[in-house]
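Dropping final_34.csv in here (CSV, C-alpha atoms):
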chain,number,residue,atom,x,y,z
Y,273,MET,CA,-13.0,17.5,20.5
Y,274,ILE,CA,-16.7,17.7,21.6
Y,275,SER,CA,-17.9,21.1,22.6
Y,276,THR,CA,-21.1,23.2,22.6
Y,277,SER,CA,-19.5,26.6,22.8
Y,278,LYS,CA,-17.4,27.1,19.6
Y,279,ARG,CA,-20.1,27.3,17.0
Y,280,ASN,CA,-18.8,30.7,15.7
Y,281,LYS,CA,-15.4,29.4,14.8
Y,282,TYR,CA,-16.8,27.8,11.6
Y,283,ASP,CA,-17.5,29.6,8.4
Y,284,MET,CA,-21.0,28.5,7.3
Y,285,ASN,CA,-20.4,29.6,3.7
Y,286,ASP,CA,-17.6,27.1,3.3
Y,287,ALA,CA,-19.6,24.2,4.7
Y,288,TYR,CA,-21.7,21.7,2.9
Y,289,VAL,CA,-24.8,20.4,4.6
Y,290,GLY,CA,-25.6,16.7,5.0
Y,291,LEU,CA,-28.1,14.6,6.8
Y,292,MET,CA,-26.9,11.4,8.6
Y,293,ARG,CA,-29.1,8.7,10.0
Y,294,PHE,CA,-29.5,9.5,13.7
Y,295,CYS,CA,-27.6,12.8,13.4
Y,296,SER,CA,-28.2,16.0,11.4
Y,297,THR,CA,-24.8,17.5,10.7
Y,298,ARG,CA,-22.7,20.1,8.9
Y,299,GLU,CA,-19.2,19.0,7.9
Y,300,PHE,CA,-16.3,21.5,7.7
Y,301,TYR,CA,-13.3,19.9,5.9
Y,302,ASP,CA,-9.8,21.2,6.3
Y,303,GLU,CA,-7.8,19.8,3.3
Y,304,SER,CA,-4.3,20.8,4.7
Y,305,ALA,CA,-5.0,19.2,8.1
Y,306,LYS,CA,-6.8,16.2,6.6
Y,307,LYS,CA,-9.5,16.7,9.2
Y,308,SER,CA,-13.3,17.1,9.2
Y,309,SER,CA,-15.3,18.8,11.9
Y,310,PHE,CA,-18.9,17.8,12.2
Y,311,PHE,CA,-21.4,20.0,14.0
Y,312,GLY,CA,-24.7,18.2,14.6
Y,313,SER,CA,-27.8,17.8,16.7
Y,314,THR,CA,-29.2,14.6,18.1
Y,315,PHE,CA,-32.6,13.9,19.8
Y,316,LYS,CA,-32.5,11.6,22.7
Y,317,ASN,CA,-34.9,11.1,25.7
Y,318,GLY,CA,-36.9,14.2,24.5
Y,319,ILE,CA,-33.8,16.4,24.7
Y,320,ILE,CA,-32.0,18.0,21.7
Y,321,LYS,CA,-28.2,17.9,22.2
Y,322,GLU,CA,-25.7,19.8,20.1
Y,323,ILE,CA,-22.2,18.5,19.6
Y,324,PHE,CA,-19.0,19.1,17.8
Y,325,ILE,CA,-17.0,16.1,16.6
Y,326,ASP,CA,-13.5,16.4,15.0
Y,327,LEU,CA,-12.4,13.5,12.9
Y,328,ASP,CA,-9.0,12.7,11.4
Y,329,PHE,CA,-9.6,10.7,8.3
Y,330,GLU,CA,-5.9,9.9,7.7
Y,331,ASP,CA,-5.6,8.1,11.0
Y,332,LYS,CA,-9.3,7.1,11.1
Y,333,LYS,CA,-9.9,8.2,14.6
Y,334,VAL,CA,-12.3,10.5,16.4
Y,335,LEU,CA,-10.3,13.4,18.0
Y,336,SER,CA,-12.4,13.4,21.2
Y,337,PRO,CA,-11.8,12.6,24.8
Y,338,ILE,CA,-15.4,11.3,25.1
Y,339,LYS,CA,-16.4,8.0,23.5
Y,340,ASN,CA,-19.2,8.2,21.1
Y,341,SER,CA,-20.9,6.0,18.5
Y,342,LEU,CA,-19.7,7.9,15.4
Y,343,ASP,CA,-16.5,6.5,13.9
Y,344,PHE,CA,-14.9,6.9,10.4
Y,345,GLU,CA,-16.7,3.9,8.8
Y,346,ASN,CA,-20.3,4.6,9.8
Y,347,LEU,CA,-19.9,8.3,9.1
Y,348,TYR,CA,-18.9,7.3,5.5
Y,349,LEU,CA,-22.0,5.1,5.3
Y,350,MET,CA,-24.5,7.4,7.1
Y,351,SER,CA,-23.7,10.6,5.2
Y,352,THR,CA,-26.4,11.4,2.6
Y,353,THR,CA,-24.8,14.2,0.8
Y,354,LYS,CA,-24.9,13.8,-3.0
Y,355,GLU,CA,-21.1,13.5,-3.0
Y,356,ALA,CA,-21.1,10.7,-0.4
Y,357,ALA,CA,-23.9,8.8,-2.0
Y,358,LYS,CA,-22.1,8.9,-5.3
Y,359,SER,CA,-19.0,7.7,-3.7
Y,360,ARG,CA,-20.8,4.8,-2.0
Y,361,LYS,CA,-22.5,3.9,-5.3
Y,362,ASN,CA,-19.2,4.0,-7.1
Y,363,LEU,CA,-17.5,1.8,-4.5
Y,364,SER,CA,-20.4,-0.7,-4.7
Y,365,GLU,CA,-20.2,-0.9,-8.5
Y,366,PHE,CA,-16.4,-1.2,-8.3
Y,367,LEU,CA,-16.6,-4.2,-5.9
Y,368,LYS,CA,-19.2,-5.9,-8.1
Y,369,ARG,CA,-16.8,-5.6,-11.1
Y,370,ASN,CA,-13.7,-6.7,-9.2
Y,371,LYS,CA,-14.8,-8.8,-6.2
Y,372,ILE,CA,-13.0,-12.0,-7.4
Y,373,LEU,CA,-9.8,-10.2,-8.5
Y,374,ASP,CA,-6.6,-11.4,-7.0
Y,375,LEU,CA,-2.9,-10.7,-7.6
Y,376,ASN,CA,-2.4,-13.8,-9.7
Y,377,ILE,CA,-5.1,-13.0,-12.3
Y,378,GLY,CA,-3.4,-11.7,-15.4
Y,379,LYS,CA,-5.5,-8.7,-15.8
Y,380,ASN,CA,-4.3,-5.3,-17.0
Y,381,ILE,CA,-5.8,-3.1,-14.3
Y,382,PHE,CA,-4.8,0.0,-16.1
Y,383,GLU,CA,-7.0,-0.6,-19.1
Y,384,GLY,CA,-9.4,2.3,-19.5
Y,385,ILE,CA,-7.8,4.2,-16.6
Y,386,GLU,CA,-7.9,7.4,-18.6
Y,387,LYS,CA,-11.7,7.3,-18.5
Y,388,ARG,CA,-12.2,6.6,-14.8
Y,389,GLU,CA,-10.8,7.3,-11.4
Y,390,PHE,CA,-7.2,6.5,-10.8
Y,391,ASP,CA,-8.5,3.6,-8.6
Y,392,ILE,CA,-5.3,1.5,-8.6
Y,393,SER,CA,-5.1,1.7,-4.8
Y,394,LYS,CA,-8.5,0.3,-4.4
Y,395,ILE,CA,-7.9,-2.5,-6.9
Y,396,MET,CA,-4.7,-3.5,-5.2
Y,397,VAL,CA,-6.2,-3.4,-1.7
Y,398,LEU,CA,-9.0,-5.7,-2.9
Y,399,ALA,CA,-6.7,-8.0,-5.0
Y,400,ALA,CA,-4.2,-8.3,-2.1
Y,401,ASP,CA,-6.9,-9.1,0.4
Y,402,ASN,CA,-8.4,-11.8,-1.8
Y,403,THR,CA,-5.0,-13.3,-2.3
Y,404,ILE,CA,-4.2,-13.2,1.4
Y,405,LYS,CA,-7.4,-15.1,2.2
Y,406,LYS,CA,-6.5,-17.7,-0.4
Y,407,GLU,CA,-2.8,-18.1,0.1
Y,408,GLY,CA,-1.9,-16.4,3.4
Y,409,SER,CA,0.1,-13.5,2.0
Y,410,ALA,CA,0.1,-11.0,-0.8
Y,411,LEU,CA,3.3,-11.8,-2.8
Y,412,LEU,CA,3.9,-10.8,-6.4
Y,413,PHE,CA,6.8,-12.2,-8.5
Y,414,SER,CA,8.3,-11.4,-11.8
Y,415,ASP,CA,9.5,-14.1,-14.3
Y,416,LYS,CA,13.0,-12.5,-14.0
Y,417,LYS,CA,15.2,-13.2,-10.9
Y,418,ALA,CA,18.0,-10.9,-9.8
Y,419,LEU,CA,21.6,-12.3,-10.0
Y,420,ILE,CA,22.0,-11.8,-6.2
Y,421,PHE,CA,19.2,-14.4,-5.6
Y,422,GLU,CA,20.4,-16.9,-8.2
Y,423,GLY,CA,19.6,-20.5,-7.1
Y,424,LEU,CA,17.3,-19.4,-4.3
Y,425,ASP,CA,13.6,-20.2,-4.1
Y,426,LYS,CA,11.4,-17.1,-4.5
Y,427,TYR,CA,9.2,-17.9,-1.5
Y,428,TYR,CA,12.3,-18.5,0.6
Y,429,ILE,CA,13.6,-15.1,-0.4
Y,430,ALA,CA,10.3,-13.4,0.4
Y,431,LYS,CA,10.2,-15.1,3.9
Y,432,LYS,CA,13.7,-13.9,4.6
Y,433,ILE,CA,13.0,-10.4,3.5
Y,434,ARG,CA,10.1,-10.3,5.9
Y,435,VAL,CA,12.4,-11.4,8.7
Y,436,LEU,CA,15.1,-8.9,7.6
Y,437,LEU,CA,12.8,-5.9,7.6
Y,438,SER,CA,11.5,-6.8,11.0
Y,439,LYS,CA,15.0,-6.8,12.4
Y,440,ILE,CA,16.4,-3.6,10.8
Y,441,ASP,CA,17.5,-1.6,13.8
Y,442,LYS,CA,18.1,2.1,14.3
Y,443,THR,CA,21.8,1.8,13.6
Y,444,VAL,CA,21.0,0.8,10.0
Y,445,LYS,CA,17.8,2.7,9.4
Y,446,GLY,CA,18.5,6.3,8.4
Y,447,ASN,CA,22.3,5.9,8.5
Y,448,ALA,CA,24.1,5.3,5.1
Y,449,ASN,CA,27.4,4.8,6.8
Y,450,ILE,CA,26.3,1.6,8.6
Y,451,VAL,CA,26.2,-1.8,6.9
Y,452,GLY,CA,24.0,-4.6,8.1
Y,453,HIS,CA,24.8,-8.3,7.5
Y,454,PHE,CA,22.5,-11.3,7.0
Y,455,VAL,CA,22.8,-14.7,5.5
Y,456,LEU,CA,20.7,-16.5,2.8
Y,457,GLU,CA,21.5,-20.2,2.6
Y,458,ASN,CA,25.1,-19.7,3.7
Y,459,LYS,CA,25.6,-16.8,1.4
Y,460,ASP,CA,26.7,-13.5,3.0
Y,461,MET,CA,24.4,-10.5,2.1
Y,462,TYR,CA,24.6,-6.9,3.2
Y,463,ILE,CA,22.0,-4.1,3.6
Y,464,ARG,CA,22.7,-0.4,3.5
Y,465,TYR,CA,20.3,2.5,4.0
Y,466,GLN,CA,20.0,4.8,0.9
Y,467,LYS,CA,17.3,7.4,1.5
Y,468,SER,CA,13.7,8.0,2.5
Y,469,THR,CA,10.7,9.3,0.5
Y,470,PRO,CA,7.3,10.4,1.7
Y,471,ILE,CA,6.1,6.8,1.4
Y,472,ALA,CA,9.1,4.5,1.8
Y,473,GLU,CA,12.5,3.8,3.2
Y,474,ILE,CA,15.0,2.7,0.5
Y,475,TYR,CA,17.8,0.2,1.1
Y,476,MET,CA,20.4,-1.5,-1.1
Y,477,LEU,CA,21.0,-5.2,-0.8
Y,478,TYR,CA,24.3,-6.5,-2.1
Y,479,ASP,CA,26.7,-9.5,-2.0
Y,480,ASP,CA,30.4,-10.1,-2.2
Y,481,GLU,CA,30.2,-10.5,-6.0
Y,482,ASN,CA,28.9,-6.9,-6.3
Y,483,ASN,CA,25.4,-8.0,-7.3
Y,484,SER,CA,22.8,-5.7,-5.9
Y,485,VAL,CA,19.1,-4.8,-5.8
Y,486,ILE,CA,17.0,-2.0,-4.3
Y,487,LEU,CA,14.6,-2.9,-1.4
Y,488,LYS,CA,11.8,-0.4,-0.7
Y,489,LYS,CA,10.0,-0.7,2.6
Y,490,TYR,CA,6.7,1.2,2.4
Y,491,THR,CA,5.9,3.3,5.5
Y,492,ASN,CA,3.0,5.6,4.5
Y,493,ASN,CA,-0.2,4.6,2.7
Y,494,ILE,CA,-1.5,7.8,1.2
Y,495,ALA,CA,-4.7,7.1,-0.7
Y,496,LYS,CA,-3.4,8.0,-4.2
Y,497,ASN,CA,0.3,7.8,-3.7
Y,498,ASN,CA,1.5,4.6,-2.0
Y,499,GLY,CA,3.3,1.3,-2.3
Y,500,GLU,CA,0.2,-0.5,-3.7
Y,501,THR,CA,0.1,1.8,-6.7
Y,502,GLU,CA,3.8,1.8,-7.3
Y,503,ILE,CA,4.0,-2.0,-7.2
Y,504,ALA,CA,1.1,-2.2,-9.7
Y,505,LEU,CA,2.9,0.3,-11.9
Y,506,PHE,CA,6.2,-1.5,-11.9
Y,507,LYS,CA,4.5,-4.9,-12.7
Y,508,GLN,CA,2.3,-3.6,-15.5
Y,509,MET,CA,5.0,-1.2,-17.1
Y,510,LYS,CA,7.5,-4.1,-17.3
Y,511,ALA,CA,4.8,-6.4,-18.7
Y,512,ASP,CA,4.1,-3.8,-21.4
Y,513,GLY,CA,7.8,-3.6,-22.3
Y,514,VAL,CA,8.8,-0.3,-20.7
Y,515,ASN,CA,12.7,-0.3,-20.8
Y,516,ASP,CA,13.7,2.8,-18.9
Y,517,ILE,CA,12.5,1.9,-15.5
Y,518,PRO,CA,14.2,-0.6,-13.2
Y,519,GLU,CA,13.4,-4.3,-13.5
Y,520,PHE,CA,10.7,-5.5,-11.1
Y,521,TYR,CA,11.6,-8.7,-9.2
Y,522,MET,CA,9.2,-9.3,-6.4
Y,523,ALA,CA,6.9,-7.5,-3.9
Y,524,ASN,CA,4.7,-7.9,-0.9
Y,525,VAL,CA,1.5,-5.8,-1.5
Y,526,ALA,CA,0.0,-5.7,2.0
Y,527,ASN,CA,1.0,-5.0,5.6
Y,528,TYR,CA,-0.9,-8.0,7.0
Y,529,ARG,CA,-1.0,-11.7,6.4
Y,530,ILE,CA,-2.7,-14.9,7.8
Y,531,ASP,CA,-1.2,-18.2,8.9
Y,532,LYS,CA,-2.5,-21.6,8.1
Y,533,ASP,CA,-4.5,-21.7,11.3
Y,534,GLY,CA,-6.2,-18.4,10.4
Y,535,THR,CA,-4.2,-16.2,12.8
Y,536,ARG,CA,-3.7,-12.7,11.4
Y,537,TYR,CA,-0.3,-11.0,11.6
Y,538,GLN,CA,1.1,-7.6,10.9
Y,539,ASP,CA,3.4,-7.6,7.9
Y,540,GLU,CA,5.8,-5.3,6.0
Y,541,GLU,CA,4.8,-4.0,2.6
Y,542,TRP,CA,7.9,-4.0,0.3
Y,543,LEU,CA,9.2,-4.0,-3.3
Y,544,ILE,CA,12.5,-5.4,-4.7
Y,545,SER,CA,13.7,-3.9,-8.0
Y,546,GLU,CA,16.9,-3.4,-10.1
Y,547,ASN,CA,19.6,-1.2,-8.7
Y,548,ILE,CA,20.1,1.6,-11.2
Y,549,ASP,CA,23.2,3.9,-11.3
Y,550,GLU,CA,24.0,7.0,-13.3
Y,551,GLU,CA,25.8,4.8,-16.0
Y,552,SER,CA,22.9,2.4,-16.5
Y,553,LYS,CA,21.4,2.5,-20.0
Y,554,PRO,CA,18.1,0.9,-21.3
Y,555,VAL,CA,18.7,-2.3,-23.2
Y,556,GLY,CA,16.8,-4.2,-25.8
Y,557,PHE,CA,13.5,-3.2,-27.5
Y,558,GLY,CA,10.6,-1.6,-25.7
Y,559,ILE,CA,8.9,1.7,-25.1
Y,560,SER,CA,9.7,4.6,-22.8
Y,561,TRP,CA,7.9,5.4,-19.6
Y,562,LYS,CA,6.8,8.7,-21.2
Y,563,ASP,CA,5.1,6.8,-24.1
Y,564,TRP,CA,3.5,4.4,-21.6
Y,565,THR,CA,2.0,7.1,-19.5
Y,566,LYS,CA,0.7,8.9,-22.5
Y,567,LYS,CA,-0.9,5.7,-23.7
Y,568,TYR,CA,-3.0,5.5,-20.5
Y,569,GLY,CA,-3.6,9.2,-20.1
Y,570,LEU,CA,-1.3,9.5,-17.1
Y,571,VAL,CA,1.4,12.0,-16.1
Y,572,ASN,CA,4.4,11.9,-13.8
Y,573,ARG,CA,4.1,14.6,-11.1
Y,574,GLY,CA,7.2,13.5,-9.3
Y,575,THR,CA,10.2,15.9,-9.4
Y,576,SER,CA,13.0,14.8,-11.8
Y,577,GLN,CA,15.6,15.4,-9.1
Y,578,ASN,CA,14.1,12.8,-6.8
Y,579,SER,CA,12.5,10.3,-9.3
Y,580,MET,CA,15.2,10.0,-12.0
Y,581,VAL,CA,18.6,8.3,-12.0
Y,582,GLY,CA,20.5,8.9,-15.3
Y,583,SER,CA,18.0,8.1,-18.1
Y,584,TYR,CA,15.8,5.9,-15.8
Y,585,LEU,CA,12.7,6.8,-14.0
Y,586,THR,CA,13.3,5.0,-10.7
Y,587,ASP,CA,10.5,6.4,-8.5
Y,588,LEU,CA,7.1,5.7,-10.0
Y,589,SER,CA,5.0,7.0,-7.1
Y,590,GLY,CA,4.4,10.3,-8.9
Y,591,ILE,CA,2.5,8.8,-11.8
Y,592,THR,CA,-1.2,9.6,-11.7
Y,593,HIS,CA,-3.9,11.6,-13.5
Y,594,GLU,CA,-6.4,14.2,-12.4
Y,595,ASN,CA,-9.7,12.4,-13.1
Y,596,TYR,CA,-10.7,12.5,-9.5
Y,597,SER,CA,-14.4,12.8,-9.8
Y,598,GLU,CA,-15.0,11.8,-6.1
Y,599,GLY,CA,-12.7,14.5,-4.8
Y,600,LEU,CA,-12.0,14.1,-1.1
Y,601,TYR,CA,-14.3,11.1,-1.0
Y,602,TYR,CA,-11.7,8.9,-2.8
Y,603,ARG,CA,-9.7,8.9,0.4
Y,604,LYS,CA,-12.7,8.2,2.5
Y,605,SER,CA,-13.9,5.3,0.4
Y,606,TYR,CA,-10.3,3.9,0.1
Y,607,ASN,CA,-9.8,3.9,3.8
Y,608,PHE,CA,-13.3,2.5,4.4
Y,609,LEU,CA,-12.5,-0.4,2.0
Y,610,LYS,CA,-9.2,-1.1,3.7
Y,611,SER,CA,-10.9,-1.1,7.1
Y,612,GLU,CA,-13.7,-3.4,6.1
Y,613,LEU,CA,-11.4,-5.9,4.5
Y,614,LYS,CA,-8.4,-5.8,6.8
Y,615,GLU,CA,-9.9,-4.9,10.2
Y,616,LYS,CA,-13.4,-6.3,10.0
Y,617,TRP,CA,-12.4,-9.2,7.8
Y,618,LYS,CA,-15.4,-8.8,5.6
Y,619,THR,CA,-15.8,-10.4,2.1
Y,620,PRO,CA,-16.3,-8.1,-0.9
Y,621,GLN,CA,-20.0,-9.3,-1.1
Y,622,GLU,CA,-20.6,-8.4,2.6
Y,623,ILE,CA,-19.3,-4.9,1.9
Y,624,ILE,CA,-21.5,-4.6,-1.1
Y,625,ASP,CA,-24.5,-5.6,1.0
Y,626,SER,CA,-23.7,-3.0,3.6
Y,627,LEU,CA,-23.3,-0.3,1.0
Y,628,GLU,CA,-26.6,-1.3,-0.7
Y,629,VAL,CA,-28.5,-1.0,2.5
Y,630,ASN,CA,-27.2,2.5,3.1
Y,631,LEU,CA,-27.9,3.5,-0.5
Y,632,GLY,CA,-31.5,2.5,0.0
As structure tokens - that is how I would like this structure written.
Amino acid sequence: MISTSKRNKYDMNDAYVGLMRFCSTREFYDESAKKSSFFGSTFKNGIIKEIFIDLDFEDKKVLSPIKNSLDFENLYLMSTTKEAAKSRKNLSEFLKRNKILDLNIGKNIFEGIEKREFDISKIMVLAADNTIKKEGSALLFSDKKALIFEGLDKYYIAKKIRVLLSKIDKTVKGNANIVGHFVLENKDMYIRYQKSTPIAEIYMLYDDENNSVILKKYTNNIAKNNGETEIALFKQMKADGVNDIPEFYMANVANYRIDKDGTRYQDEEWLISENIDEESKPVGFGISWKDWTKKYGLVNRGTSQNSMVGSYLTDLSGITHENYSEGLYYRKSYNFLKSELKEKWKTPQEIIDSLEVNLG
């Protein structure tokens, strides 16, 4: 909302003061509402004008009935507070280190994570976008294939999962008593809703031979707790021999893709993993998820009731650490990076260039 009559509703002691290009502002951040309010003054045509601008950083929109030139992205760039400048510098250095990274480069992106930000979300956004621009989509595959998909090409499966998720109707979604039916190369398959989490809808896929897998459709991209980070965790933990989490089979890491002619499309972000029940037991050699997280200086903040099935950790989205040196600016820089790559279709080098200009 833009107003000139509500200045006294803000607590000046809780504000931090920043200068923006073209606009001197004070920002009032509400953590619970994920919203920032900016009070500022502009000088135009010899007249000083005072305005209030409320911004919702989660949805990246200006909460105002009046159009203005300040949007999420240029506010992130224009702010010259020490915290914002540090965030932009960190993002620029991050892009320089990782600008050619894609999903098929066999790099352990968790190496050294205990000494830096838990920046897995940013890494996966960048790697997925680079992969999309090379290959059209952001697919990840394990060397292991689920029995339910035996004999089927992995790319064929991924394409059919995309179609399946686009057609899940309200009778299946949210209703565990309804079974949906689909066909993969003349083989009958079934889908049943299991539950929802803050970031995903969870379904079970199964066939007439009682083979099954879990399909997660990601619905909410919270900066530090999302499908991108969980997919990365599954892949790396299985590569490192963790044996008390479900097997990782395949995933789509982004909610957009491009066709051969360059047309961009909305897509579904999803993960397929092993279906674990209360009787499942870890098999073979390996390490536990607890030892793995300890190795990387991580902790699991998920509740055992929701994240455990028997002796398995089935929900990895609670794994994180507290080395958040950027504070609330992690979310801003993460959303900024997503917007520049996905919506503005910039290359990593173009983003670096824009950040360098604003650092100057």
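In terms of minimum interatomic distance to Y:Lys431, Y:Leu456 ranks closest within Y:Val525, Y:Ala418, Y:Ala357, Y:Leu456, counting only C-alpha atoms.
One distance worth recording is that between atom CA of Y:Ser409 and atom CA of Y:Ser468, which is 25.4 Å.
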Just the number, please: distance in Å from atom CA of Y:Leu412 to atom CA of Y:Arg434, one decimal.
13.8 Å
If we count only C-alpha atoms and set the cut-off at 12 Å, which residues sit around Y:Lys371, ignoring sequence neighbours fewer than 4 positions away in its own chain? Please answer as a count of residues only.
24
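Take atom CA of Y:Met461 and atom CA of Y:Ser414: the distance between them is 21.3 Å.
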Restricting the calculation to only C-alpha atoms, which member of Y:Lys432, Y:Lys406, Y:Lys553, Y:Arg360 is positioned closest to Y:Arg529?
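Looking at the shortest contact to Y:Arg529, the residue is Y:Lys406.
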Nearest to Y:Tyr602, chosen from Y:Lys496, Y:Asp531, Y:Lys379, Y:Gly384, with only C-alpha atoms counted in the distances
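Selected residue with least distance to Y:Tyr602: Y:Lys496.
Comparing the minimum interatomic distances between Y:Glu540 and each of Y:Ser552, Y:Asn362, Y:Thr592, Y:Asn524, counting all atoms listed in the file, we find that Y:Asn524 sits nearest.
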Which of these, Y:Glu615, Y:Glu389, Y:Glu407, Y:Asp479, has the shortest distance to Y:Ile530 once you count all atoms listed in the file?
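Checking each of Y:Glu615, Y:Glu389, Y:Glu407, Y:Asp479 against Y:Ile530, counting all atoms listed in the file, the winner is Y:Glu407.
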List every protein, DNA or RNA residue that has at least one atom no more than 12 Å from (11.3, -13.0, -4.8) in the file's coordinates, counting only C-alpha atoms, and write the result as a PyMOL selection string.
chain Y and resi 411-434+485+487+520-524+542-545
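The nearest approach to Y:Ile450 among the residues Y:Gln538, Y:Ser438, Y:Gln466, Y:Asn492, with all atoms listed in the file taken into account, belongs to Y:Gln466.
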Which protein, DNA or RNA residues are at most 10 Å from (13.2, 0.6, -13.4) in the file's coordinates when you count only C-alpha atoms, listed as a list of chain:residue names?
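The distance filter leaves exactly Y:Phe506, Y:Met509, Y:Lys510, Y:Val514, Y:Asn515, Y:Asp516, Y:Ile517, Y:Pro518, Y:Glu519, Y:Phe520, Y:Ser545, Y:Glu546, Y:Asn547, Y:Ile548, Y:Pro554, Y:Trp561, Y:Met580, Y:Val581, Y:Tyr584, Y:Leu585, Y:Thr586, Y:Asp587, Y:Leu588.
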Within 10 Å of stretch 568-571 of chain Y, counting all atoms listed in the file, which residues show up once you throw out same-chain ones fewer than 2 positions away? Write them as JSON, numbers by chain, please.
{"Y": [382, 383, 384, 385, 386, 387, 390, 561, 562, 563, 564, 565, 566, 573, 574, 590, 591, 592, 593, 594, 595]}
Write out as a ChimeraX atom specification each polymer residue whose atoms come within 9 Å of Y:Ile474, counting only C-alpha atoms; drop sequence neighbours fewer than 5 positions from it.
/Y:464-469,486-490
N, CA, C and O atoms are needed for stretch 447-459 of chain Y; please write them out as a PDB file, in the frame of the given file.
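Writing done, so here's part08.pdb:
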ATOM      1  N   ASN Y 447      20.888   5.602   8.416  1.00  0.00           N
ATOM      2  CA  ASN Y 447      22.300   5.900   8.500  1.00  0.00           C
ATOM      3  C   ASN Y 447      23.035   5.146   7.333  1.00  0.00           C
ATOM      4  O   ASN Y 447      23.222   3.930   7.349  1.00  0.00           O
ATOM      5  N   ALA Y 448      23.435   5.903   6.308  1.00  0.00           N
ATOM      6  CA  ALA Y 448      24.100   5.300   5.100  1.00  0.00           C
ATOM      7  C   ALA Y 448      25.484   4.851   5.369  1.00  0.00           C
ATOM      8  O   ALA Y 448      26.085   4.206   4.502  1.00  0.00           O
ATOM      9  N   ASN Y 449      26.050   5.157   6.529  1.00  0.00           N
ATOM     10  CA  ASN Y 449      27.400   4.800   6.800  1.00  0.00           C
ATOM     11  C   ASN Y 449      27.517   3.412   7.540  1.00  0.00           C
ATOM     12  O   ASN Y 449      28.615   2.904   7.782  1.00  0.00           O
ATOM     13  N   ILE Y 450      26.363   2.854   7.896  1.00  0.00           N
ATOM     14  CA  ILE Y 450      26.300   1.600   8.600  1.00  0.00           C
ATOM     15  C   ILE Y 450      25.860   0.469   7.678  1.00  0.00           C
ATOM     16  O   ILE Y 450      24.886   0.641   6.941  1.00  0.00           O
ATOM     17  N   VAL Y 451      26.552  -0.665   7.686  1.00  0.00           N
ATOM     18  CA  VAL Y 451      26.200  -1.800   6.900  1.00  0.00           C
ATOM     19  C   VAL Y 451      25.682  -2.937   7.743  1.00  0.00           C
ATOM     20  O   VAL Y 451      26.350  -3.329   8.707  1.00  0.00           O
ATOM     21  N   GLY Y 452      24.512  -3.445   7.411  1.00  0.00           N
ATOM     22  CA  GLY Y 452      24.000  -4.600   8.100  1.00  0.00           C
ATOM     23  C   GLY Y 452      24.323  -5.882   7.399  1.00  0.00           C
ATOM     24  O   GLY Y 452      24.500  -5.892   6.178  1.00  0.00           O
ATOM     25  N   HIS Y 453      24.431  -6.968   8.120  1.00  0.00           N
ATOM     26  CA  HIS Y 453      24.800  -8.300   7.500  1.00  0.00           C
ATOM     27  C   HIS Y 453      23.737  -9.297   7.810  1.00  0.00           C
ATOM     28  O   HIS Y 453      23.151  -9.338   8.889  1.00  0.00           O
ATOM     29  N   PHE Y 454      23.452 -10.141   6.804  1.00  0.00           N
ATOM     30  CA  PHE Y 454      22.500 -11.300   7.000  1.00  0.00           C
ATOM     31  C   PHE Y 454      22.959 -12.384   6.053  1.00  0.00           C
ATOM     32  O   PHE Y 454      23.848 -12.213   5.203  1.00  0.00           O
ATOM     33  N   VAL Y 455      22.359 -13.554   6.212  1.00  0.00           N
ATOM     34  CA  VAL Y 455      22.800 -14.700   5.500  1.00  0.00           C
ATOM     35  C   VAL Y 455      21.563 -15.366   4.775  1.00  0.00           C
ATOM     36  O   VAL Y 455      20.505 -15.531   5.391  1.00  0.00           O
ATOM     37  N   LEU Y 456      21.709 -15.696   3.484  1.00  0.00           N
ATOM     38  CA  LEU Y 456      20.700 -16.500   2.800  1.00  0.00           C
ATOM     39  C   LEU Y 456      21.342 -17.757   2.289  1.00  0.00           C
ATOM     40  O   LEU Y 456      22.216 -17.757   1.407  1.00  0.00           O
ATOM     41  N   GLU Y 457      20.950 -18.861   2.904  1.00  0.00           N
ATOM     42  CA  GLU Y 457      21.500 -20.200   2.600  1.00  0.00           C
ATOM     43  C   GLU Y 457      23.028 -20.158   2.494  1.00  0.00           C
ATOM     44  O   GLU Y 457      23.620 -20.487   1.457  1.00  0.00           O
ATOM     45  N   ASN Y 458      23.648 -19.734   3.580  1.00  0.00           N
ATOM     46  CA  ASN Y 458      25.100 -19.700   3.700  1.00  0.00           C
ATOM     47  C   ASN Y 458      25.807 -18.669   2.839  1.00  0.00           C
ATOM     48  O   ASN Y 458      27.029 -18.661   2.740  1.00  0.00           O
ATOM     49  N   LYS Y 459      25.019 -17.814   2.187  1.00  0.00           N
ATOM     50  CA  LYS Y 459      25.600 -16.800   1.400  1.00  0.00           C
ATOM     51  C   LYS Y 459      25.516 -15.438   2.116  1.00  0.00           C
ATOM     52  O   LYS Y 459      24.435 -15.037   2.560  1.00  0.00           O
TER      53      LYS Y 459
END
